[in-house]
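J.: There's a structure below that I have some questions on.
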2 protein chains.
Amino acid sequence: MATIKEVSDLAGVSQATVSRVMNGNNKVSDVNRERVMAAMDKLGYQPNSFAQALATNRSYSVGIVVGTLSGPFFGPMMHSIESVLRKEGQHLIATSGHDNIEQEREAIRFLNSRRVDAILLVVQAMSDDELIELCTRNPNVFVLNRYVPELAHRCIYLNNELGGYLATKHLIDLGHTRIASITGPLVHFDARERLQGYRNALSEAGIEYDPQLIVEGLYQEDGGTKAAAKLFQRGIDFTGVVCGNDNIAISVYDILSQDNESPAERISVVGYDDMFYSRYLRPKLTTIRFPIEEMGTIAANMVLQNLADKNLVNGVQLEPSLIVRESSAPPVS
Amino acid sequence: MATIKEVSDLAGVSQATVSRVMNGNNKVSDVNRERVMAAMDKLGYQPNSFAQALATNRSYSVGIVVGTLSGPFFGPMMHSIESVLRKEGQHLIATSGHDNIEQEREAIRFLNSRRVDAILLVVQAMSDDELIELCTRNPNVFVLNRYVPELAHRCIYLNNELGGYLATKHLIDLGHTRIASITGPLVHFDARERLQGYRNALSEAGIEYDPQLIVEGLYQEDGGTKAAAKLFQRGIDFTGVVCGNDNIAISVYDILSQDNESPAERISVVGYDDMFYSRYLRPKLTTIRFPIEEMGTIAANMVLQNLADKNLVNGVQLEPSLIVRESSAPPVS
DNA sequence: TTGTACGCGTTATCAC
DNA sequence: GTGATAACGCGTACAA
């Protein structure tokens, strides 16, 4: 790779002049500018961003660490983040924590040694305390999809309680009174919040909370299969089920189809997240929409904002909404 | 951020010694090693990778440019790439070309100025010629999911013709003779190859190729809706349809359900890619499996290999396989 | 085993 | 408008 020196030699000017035309400094004569540009593309010159970063102490890149790169969740999020960052000349460095605390730490170390201008964290394994310490040491860290009270001004998160409430309320409004819930793993704060929303809707309607109707599942693919089986085996009676996410809802579809049943007939099903495949299920899944892209966009803008003026950023809570499709219907009795 | 100098001052040794303990050089006395390590974590020292890269001319990172970060395709691929790279201390810098030739170029420029050790290209917009030029200039560029004859030793790609053949052959074996195809955009080489596979299967079975049965669709979500509508409106008779990918197959599901029909009844449907949601469709989608993770793993290993010994790498063609599920059945006549 | 000093490719501050 | 030259943080001969 050609260096600035080779360019300056070829153009017959000093390195400083080359640097000036690179950075759009207008105090360069047209003749020299021409010469430099010619030399540049003759050599296929690309500035070495390491050297630039070393000299300016700015990397023009922001890092993100996500639980896992695969899955329908992070793709759209990273997509929207990258879109807004790029417009400002910033780039995204993606690392995966593989939902493992040691790897999450390692990823953060890596990004720090990369001297990224900001770090976006979408992690679950790491504890609140560790997050707090991290954020106090580094003023450019933001937390996505998670609410830590002490870090409120740096969190962009979903109102999960409201989501759980909306899902449950929808079934109640349809006339259901025996409503089960297959939650996500309750070590995840969002699963707990969604469950709380469920309880709120119940109590608002004067329906008693019955622990028998609650099962804990997992968020990932097939993560609800065992849990759903457990629920049905309890032999208790219910007409609707609120699921921790769409994957869990799919498991319920599966179980029902084993008995040649379909959601919305005997049992109504409500999901959570509105993943893009949910509208392709049959019957189409009624679910809670999670504005993933919006979360990404807001996070990216917050980063930019923070780079410009540290004191202007504030946390954001996003609101979920109910998407009614076909998997929910009045109970048959 | 602390620098190596602050560490050396605090530890009472020279910068060189600090550098030695960082890089595991064993020619350091235990006493000094202890002191340095203590100083390091007291200061929360993180080496500046820009300075390291500048000094060593190695960045320990590989760049990837993909068409779009969202979608069910790139997530799993990036996931597997990142997994193997990380084990070797390499990191992944992800950029999106947004399926736009100018942005793809920009992404490559960015990665070059980042002096990445290798570049992985998963792009469609860029021409073969441009790719060839790029690869000859830079010996560490690899092309994924695309076959360029001149670059055969740097391509990791799928045998798309075989995939198209398998899909079609499956329907023929079931007894179908009037088989339509909704292809991907024929500007994409892979769509053309899949179509060719379709033709091969037909001719092998002595069935004449009928252009009336071919419609061109798009790969993205809903990309097959218009095309499928067009096909049905032609009013010609067929009993099976081979789709360019699973998204297109979903569109066919949609159209059929509008008439209260279901795949595998009057019309059999075969997809392509085996995206993870395909088994959750009802009926479960018969499709061609695309080993995405494997492609990622192979690519990452190739990068590593190439870094170790330039002359040892070779291109790889991956084989698709048929996954029979429920959307295909013998024709009713 | 340890320290000195130079080079990596830029930017930025000076003089001119 | 232009050109020296000193940082930036680290690796690494080379000398001690």
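Starting from 1 in every chain, residues are counted up; chains themselves are A, B, ... following the order of the structure tokens, and ligands are numbered from 1 as listed.
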If the cut-off is 9 Å, can you tell me the residues of chain C near chain A, counting only C-alpha atoms (C1' of nucleotides)? I'd like them as a VMD selection string.

T.: chain C and resid 8 to 12

J.: Can you spit out the residues from that selection as a PDB file, in the first residue's frame, using N, CA, C and O atoms (P, O5', C5', C4', C3', O3' and C1' of nucleotides)?

T.:
ATOM      1  P    DC C   8       9.739   3.424   8.273  1.00  0.00           P
ATOM      2  O5'  DC C   8       8.237   3.060   8.594  1.00  0.00           O
ATOM      3  C5'  DC C   8       7.845   1.741   8.939  1.00  0.00           C
ATOM      4  C4'  DC C   8       6.494   1.800   9.595  1.00  0.00           C
ATOM      5  C3'  DC C   8       5.596   2.873   8.983  1.00  0.00           C
ATOM      6  O3'  DC C   8       4.793   2.275   7.973  1.00  0.00           O
ATOM      7  C1'  DC C   8       5.459   2.806  11.393  1.00  0.00           C
ATOM      8  P    DG C   9       4.654   2.972   6.533  1.00  0.00           P
ATOM      9  O5'  DG C   9       3.505   4.052   6.780  1.00  0.00           O
ATOM     10  C5'  DG C   9       2.205   3.581   7.114  1.00  0.00           C
ATOM     11  C4'  DG C   9       1.332   4.762   7.483  1.00  0.00           C
ATOM     12  C3'  DG C   9       1.282   5.864   6.419  1.00  0.00           C
ATOM     13  O3'  DG C   9      -0.064   6.245   6.284  1.00  0.00           O
ATOM     14  C1'  DG C   9       1.922   6.766   8.505  1.00  0.00           C
ATOM     15  P    DT C  10      -0.578   7.237   5.165  1.00  0.00           P
ATOM     16  O5'  DT C  10      -1.512   8.202   5.986  1.00  0.00           O
ATOM     17  C5'  DT C  10      -0.979   9.254   6.641  1.00  0.00           C
ATOM     18  C4'  DT C  10      -1.694   9.544   7.910  1.00  0.00           C
ATOM     19  C3'  DT C  10      -2.079  11.013   7.951  1.00  0.00           C
ATOM     20  O3'  DT C  10      -3.480  11.151   8.016  1.00  0.00           O
ATOM     21  C1'  DT C  10      -0.636  10.408   9.789  1.00  0.00           C
ATOM     22  P    DT C  11      -4.008  12.671   7.745  1.00  0.00           P
ATOM     23  O5'  DT C  11      -3.707  13.408   9.131  1.00  0.00           O
ATOM     24  C5'  DT C  11      -4.413  13.030  10.297  1.00  0.00           C
ATOM     25  C4'  DT C  11      -3.989  13.925  11.451  1.00  0.00           C
ATOM     26  C3'  DT C  11      -4.327  15.408  11.275  1.00  0.00           C
ATOM     27  O3'  DT C  11      -4.843  15.867  12.509  1.00  0.00           O
ATOM     28  C1'  DT C  11      -2.018  15.146  11.702  1.00  0.00           C
ATOM     29  P    DA C  12      -5.444  17.345  12.615  1.00  0.00           P
ATOM     30  O5'  DA C  12      -4.228  18.165  13.239  1.00  0.00           O
ATOM     31  C5'  DA C  12      -3.630  17.709  14.445  1.00  0.00           C
ATOM     32  C4'  DA C  12      -2.548  18.700  14.851  1.00  0.00           C
ATOM     33  C3'  DA C  12      -2.910  20.162  14.578  1.00  0.00           C
ATOM     34  O3'  DA C  12      -2.293  20.962  15.583  1.00  0.00           O
ATOM     35  C1'  DA C  12      -1.003  19.596  13.345  1.00  0.00           C
TER      36       DA C  12
END

J.: Provide as an MDAnalysis selection string the residues of chain D at most 9 Å from chain A, counting only C-alpha atoms (C1' of nucleotides).

T.: chainID D and resid 1:3 7:9

J.: Residues of chain A within 7 Å of chain B, using only C-alpha atoms, as JSON, numbers by chain?

T.: {"A": [46, 47, 48, 49, 50, 51, 53, 54, 69, 70, 71, 72, 75, 76, 78, 79, 92, 93, 94, 95, 113, 114, 115, 277, 280, 281, 282]}

J.: Next, dump the selected residues to file, keeping only N, CA, C and O atoms, as a compact mmCIF listing (two decimals), in the first residue's frame.

T.:
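File written: again04.txt
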# COMPACT_ATOMS: atom_id res chain seq x y z
N GLN A 46 -4.63 4.75 -0.40
CA GLN A 46 -5.68 4.74 0.62
C GLN A 46 -5.04 5.15 1.93
O GLN A 46 -4.07 4.51 2.35
N PRO A 47 -5.52 6.19 2.56
CA PRO A 47 -4.91 6.59 3.83
C PRO A 47 -4.96 5.44 4.83
O PRO A 47 -5.92 4.67 4.86
N ASN A 48 -3.94 5.32 5.62
CA ASN A 48 -3.90 4.29 6.65
C ASN A 48 -4.65 4.80 7.87
O ASN A 48 -4.21 5.72 8.55
N SER A 49 -5.77 4.19 8.13
CA SER A 49 -6.61 4.73 9.19
C SER A 49 -6.00 4.52 10.57
O SER A 49 -6.36 5.20 11.52
N PHE A 50 -5.08 3.59 10.69
CA PHE A 50 -4.39 3.41 11.98
C PHE A 50 -3.57 4.66 12.29
O PHE A 50 -3.60 5.19 13.39
N ALA A 51 -2.83 5.07 11.28
CA ALA A 51 -1.99 6.25 11.48
C ALA A 51 -2.85 7.48 11.75
O ALA A 51 -2.54 8.30 12.60
N ALA A 53 -5.82 7.52 13.04
CA ALA A 53 -6.42 7.41 14.37
C ALA A 53 -5.39 7.73 15.45
O ALA A 53 -5.68 8.38 16.45
N LEU A 54 -4.17 7.29 15.20
CA LEU A 54 -3.12 7.53 16.17
C LEU A 54 -2.86 9.02 16.30
O LEU A 54 -2.68 9.54 17.41
N LEU A 69 -24.86 -13.13 16.62
CA LEU A 69 -25.01 -12.47 15.33
C LEU A 69 -26.14 -13.08 14.52
O LEU A 69 -26.73 -12.43 13.66
N SER A 70 -26.45 -14.34 14.78
CA SER A 70 -27.51 -14.95 14.00
C SER A 70 -28.85 -14.63 14.65
O SER A 70 -28.93 -13.89 15.61
N GLY A 71 -29.88 -15.19 14.14
CA GLY A 71 -31.19 -14.91 14.70
C GLY A 71 -31.80 -13.70 14.04
O GLY A 71 -31.11 -12.83 13.53
N PRO A 72 -33.12 -13.64 14.05
CA PRO A 72 -33.84 -12.60 13.33
C PRO A 72 -33.85 -11.27 14.06
O PRO A 72 -34.40 -10.29 13.59
N GLY A 75 -30.00 -8.83 13.18
CA GLY A 75 -29.80 -8.39 11.80
C GLY A 75 -30.43 -7.03 11.55
O GLY A 75 -29.74 -6.08 11.22
N PRO A 76 -31.75 -6.94 11.73
CA PRO A 76 -32.42 -5.67 11.48
C PRO A 76 -31.85 -4.54 12.35
O PRO A 76 -31.72 -3.40 11.90
N MET A 78 -28.74 -4.18 13.60
CA MET A 78 -27.46 -3.74 13.10
C MET A 78 -27.61 -3.00 11.79
O MET A 78 -26.91 -2.04 11.51
N HIS A 79 -28.55 -3.49 11.01
CA HIS A 79 -28.80 -2.83 9.73
C HIS A 79 -29.15 -1.36 9.93
O HIS A 79 -28.58 -0.48 9.30
N LEU A 92 -19.27 0.63 11.70
CA LEU A 92 -19.69 -0.28 12.76
C LEU A 92 -18.75 -1.48 12.85
O LEU A 92 -18.50 -2.13 11.85
N ILE A 93 -18.28 -1.77 14.03
CA ILE A 93 -17.50 -2.98 14.23
C ILE A 93 -18.33 -3.92 15.08
O ILE A 93 -18.65 -3.61 16.22
N ALA A 94 -18.70 -5.03 14.48
CA ALA A 94 -19.61 -5.95 15.16
C ALA A 94 -18.87 -7.09 15.82
O ALA A 94 -18.01 -7.71 15.20
N THR A 95 -19.18 -7.35 17.06
CA THR A 95 -18.60 -8.51 17.72
C THR A 95 -19.72 -9.24 18.43
O THR A 95 -20.73 -8.66 18.80
N SER A 113 -9.56 -1.61 22.83
CA SER A 113 -8.22 -1.49 22.28
C SER A 113 -8.30 -0.99 20.84
O SER A 113 -7.34 -0.48 20.31
N ARG A 114 -9.47 -1.12 20.26
CA ARG A 114 -9.71 -0.55 18.94
C ARG A 114 -10.01 0.94 19.05
O ARG A 114 -10.21 1.62 18.06
N ARG A 115 -10.09 1.41 20.26
CA ARG A 115 -10.37 2.82 20.53
C ARG A 115 -11.59 3.31 19.77
O ARG A 115 -11.56 4.39 19.16
N TYR A 277 -41.15 -13.49 10.29
CA TYR A 277 -41.82 -14.67 9.78
C TYR A 277 -43.19 -14.89 10.41
O TYR A 277 -43.96 -15.74 9.97
N TYR A 280 -46.25 -15.09 8.43
CA TYR A 280 -46.33 -16.18 7.47
C TYR A 280 -46.78 -17.48 8.10
O TYR A 280 -46.99 -18.47 7.42
N LEU A 281 -46.87 -17.49 9.39
CA LEU A 281 -47.40 -18.69 10.04
C LEU A 281 -48.88 -18.78 9.68
O LEU A 281 -49.51 -17.80 9.32
N ARG A 282 -49.41 -19.98 9.78
CA ARG A 282 -50.83 -20.15 9.56
C ARG A 282 -51.43 -20.84 10.77
O ARG A 282 -50.99 -21.93 11.10

J.: Based on DSSP run over this structure's backbone, return all residues of segment 146-294 of chain A in alpha helix (DSSP H), as a PyMOL selection string.

T.: chain A and resi 160-174+189-204+225-233+246-258+292-294

J.: Atom CA of His170 of chain A and atom CA of Pro185 of chain A are how many Å apart?

T.: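 So the two atoms, atom CA of His170 of chain A and atom CA of Pro185 of chain A, lie 23.0 Å apart.
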
J.: Excluding Gly296 of chain A and any residue of its chain fewer than 2 positions from it, enumerate the residues within 7 Å of it, using only C-alpha atoms (C1' of nucleotides), and give them as a PDB file with all heavy atoms, in the first residue's frame.

T.:
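So the final result, stored in out15.pdb, reads:
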ATOM      1  N   MET A  77     -31.495  -4.871  13.572  1.00  0.00           N
ATOM      2  CA  MET A  77     -30.969  -3.832  14.452  1.00  0.00           C
ATOM      3  C   MET A  77     -29.642  -3.290  13.934  1.00  0.00           C
ATOM      4  O   MET A  77     -29.445  -2.079  13.803  1.00  0.00           O
ATOM      5  CB  MET A  77     -30.784  -4.385  15.860  1.00  0.00           C
ATOM      6  CG  MET A  77     -30.180  -3.361  16.798  1.00  0.00           C
ATOM      7  SD  MET A  77     -30.043  -3.957  18.474  1.00  0.00           S
ATOM      8  CE  MET A  77     -31.704  -3.823  19.031  1.00  0.00           C
ATOM      9  N   MET A  78     -28.740  -4.185  13.605  1.00  0.00           N
ATOM     10  CA  MET A  78     -27.457  -3.743  13.102  1.00  0.00           C
ATOM     11  C   MET A  78     -27.611  -3.003  11.790  1.00  0.00           C
ATOM     12  O   MET A  78     -26.906  -2.042  11.511  1.00  0.00           O
ATOM     13  CB  MET A  78     -26.524  -4.934  12.934  1.00  0.00           C
ATOM     14  CG  MET A  78     -26.058  -5.457  14.277  1.00  0.00           C
ATOM     15  SD  MET A  78     -24.951  -6.856  14.129  1.00  0.00           S
ATOM     16  CE  MET A  78     -23.961  -6.360  12.749  1.00  0.00           C
ATOM     17  N   SER A  80     -30.069  -1.099  10.808  1.00  0.00           N
ATOM     18  CA  SER A  80     -30.494   0.290  10.977  1.00  0.00           C
ATOM     19  C   SER A  80     -29.393   1.125  11.621  1.00  0.00           C
ATOM     20  O   SER A  80     -29.198   2.288  11.276  1.00  0.00           O
ATOM     21  CB  SER A  80     -31.792   0.361  11.789  1.00  0.00           C
ATOM     22  OG  SER A  80     -31.612  -0.171  13.077  1.00  0.00           O
ATOM     23  N   ILE A  81     -28.663   0.534  12.537  1.00  0.00           N
ATOM     24  CA  ILE A  81     -27.568   1.280  13.158  1.00  0.00           C
ATOM     25  C   ILE A  81     -26.537   1.665  12.099  1.00  0.00           C
ATOM     26  O   ILE A  81     -26.115   2.811  12.006  1.00  0.00           O
ATOM     27  CB  ILE A  81     -26.884   0.433  14.251  1.00  0.00           C
ATOM     28  CG1 ILE A  81     -27.857   0.210  15.418  1.00  0.00           C
ATOM     29  CG2 ILE A  81     -25.620   1.116  14.742  1.00  0.00           C
ATOM     30  CD1 ILE A  81     -27.314  -0.698  16.496  1.00  0.00           C
ATOM     31  N   ILE A 292     -37.677  -2.953  16.525  1.00  0.00           N
ATOM     32  CA  ILE A 292     -36.237  -3.213  16.529  1.00  0.00           C
ATOM     33  C   ILE A 292     -35.440  -2.172  15.755  1.00  0.00           C
ATOM     34  O   ILE A 292     -34.476  -1.602  16.258  1.00  0.00           O
ATOM     35  CB  ILE A 292     -35.942  -4.599  15.922  1.00  0.00           C
ATOM     36  CG1 ILE A 292     -36.650  -5.676  16.733  1.00  0.00           C
ATOM     37  CG2 ILE A 292     -34.443  -4.861  15.899  1.00  0.00           C
ATOM     38  CD1 ILE A 292     -36.400  -7.066  16.206  1.00  0.00           C
ATOM     39  N   GLU A 293     -35.871  -1.917  14.521  1.00  0.00           N
ATOM     40  CA  GLU A 293     -35.125  -0.961  13.709  1.00  0.00           C
ATOM     41  C   GLU A 293     -35.111   0.406  14.374  1.00  0.00           C
ATOM     42  O   GLU A 293     -34.103   1.105  14.364  1.00  0.00           O
ATOM     43  CB  GLU A 293     -35.739  -0.805  12.304  1.00  0.00           C
ATOM     44  CG  GLU A 293     -35.502  -1.977  11.379  1.00  0.00           C
ATOM     45  CD  GLU A 293     -36.621  -2.979  11.483  1.00  0.00           C
ATOM     46  OE1 GLU A 293     -37.467  -2.852  12.407  1.00  0.00           O
ATOM     47  OE2 GLU A 293     -36.665  -3.898  10.654  1.00  0.00           O
ATOM     48  N   GLU A 294     -36.236   0.750  14.935  1.00  0.00           N
ATOM     49  CA  GLU A 294     -36.315   2.051  15.591  1.00  0.00           C
ATOM     50  C   GLU A 294     -35.316   2.118  16.736  1.00  0.00           C
ATOM     51  O   GLU A 294     -34.651   3.140  16.946  1.00  0.00           O
ATOM     52  CB  GLU A 294     -37.738   2.273  16.107  1.00  0.00           C
ATOM     53  CG  GLU A 294     -38.018   3.711  16.459  1.00  0.00           C
ATOM     54  CD  GLU A 294     -39.423   3.873  17.030  1.00  0.00           C
ATOM     55  OE1 GLU A 294     -40.237   2.945  16.863  1.00  0.00           O
ATOM     56  OE2 GLU A 294     -39.674   4.915  17.654  1.00  0.00           O
ATOM     57  N   ILE A 298     -32.422   4.964  16.951  1.00  0.00           N
ATOM     58  CA  ILE A 298     -32.301   5.844  18.102  1.00  0.00           C
ATOM     59  C   ILE A 298     -30.928   5.704  18.742  1.00  0.00           C
ATOM     60  O   ILE A 298     -30.277   6.693  19.091  1.00  0.00           O
ATOM     61  CB  ILE A 298     -33.408   5.526  19.124  1.00  0.00           C
ATOM     62  CG1 ILE A 298     -34.755   5.966  18.558  1.00  0.00           C
ATOM     63  CG2 ILE A 298     -33.129   6.220  20.451  1.00  0.00           C
ATOM     64  CD1 ILE A 298     -35.926   5.619  19.436  1.00  0.00           C
ATOM     65  N   ALA A 299     -30.481   4.482  18.876  1.00  0.00           N
ATOM     66  CA  ALA A 299     -29.173   4.246  19.496  1.00  0.00           C
ATOM     67  C   ALA A 299     -28.073   4.931  18.691  1.00  0.00           C
ATOM     68  O   ALA A 299     -27.201   5.605  19.241  1.00  0.00           O
ATOM     69  CB  ALA A 299     -28.903   2.753  19.593  1.00  0.00           C
ATOM     70  N   ALA A 300     -28.132   4.766  17.393  1.00  0.00           N
ATOM     71  CA  ALA A 300     -27.095   5.350  16.544  1.00  0.00           C
ATOM     72  C   ALA A 300     -27.112   6.873  16.649  1.00  0.00           C
ATOM     73  O   ALA A 300     -26.061   7.514  16.757  1.00  0.00           O
ATOM     74  CB  ALA A 300     -27.300   4.911  15.099  1.00  0.00           C
TER      75      ALA A 300
END

J.: Quote the spacing between atom CA of Phe189 of chain A and atom CA of Ala205 of chain A in Å to one decimal place.

T.: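 Computed distance, atom CA of Phe189 of chain A to atom CA of Ala205 of chain A, equals 24.7 Å.
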
J.: Enumerate the residues of segment 171-320 of chain A with a DSSP assignment of strand (DSSP E or B), computed from the backbone, and present them as a ChimeraX atom specification.

T.: /A:179-183,214-216,240-243,268-270,273,286-289,316-318

J.: Could you save the residues just selected, with C-alpha atoms, as a compact mmCIF listing (two decimals), in the first residue's frame?

T.:
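Once written, again_2.txt looks like this:
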# COMPACT_ATOMS: atom_id res chain seq x y z
CA ILE A 179 -55.06 -17.51 30.33
CA ALA A 180 -51.74 -19.33 30.56
CA SER A 181 -48.29 -17.88 29.96
CA ILE A 182 -45.10 -19.48 28.74
CA THR A 183 -42.45 -17.00 29.71
CA ILE A 214 -47.24 -20.26 34.25
CA VAL A 215 -44.35 -22.16 32.68
CA GLU A 216 -40.84 -20.95 32.05
CA GLY A 240 -55.41 -18.73 25.73
CA VAL A 241 -51.67 -18.53 26.10
CA VAL A 242 -49.42 -15.50 26.20
CA CYS A 243 -45.94 -16.37 24.96
CA SER A 268 -55.69 -18.64 21.31
CA VAL A 269 -52.02 -17.80 21.04
CA VAL A 270 -50.28 -14.45 21.35
CA ASP A 273 -41.54 -9.47 19.09
CA THR A 286 -51.18 -12.26 16.81
CA THR A 287 -48.22 -10.71 18.57
CA ILE A 288 -46.63 -7.72 20.23
CA ARG A 289 -44.57 -5.60 17.92
CA VAL A 316 -35.38 6.30 25.65
CA GLN A 317 -38.17 3.92 26.39
CA LEU A 318 -39.90 2.49 23.38

J.: Can you pull out every residue within 8 Å of segment 148-165 of chain B, counting only C-alpha atoms (C1' of nucleotides), but drop anything in the same chain fewer than 2 positions away, and send it as a PyMOL selection string?

T.: chain B and resi 128+132+135+141-146+167-169+190+193-201+242+272+288+290+295+298-299+313-322
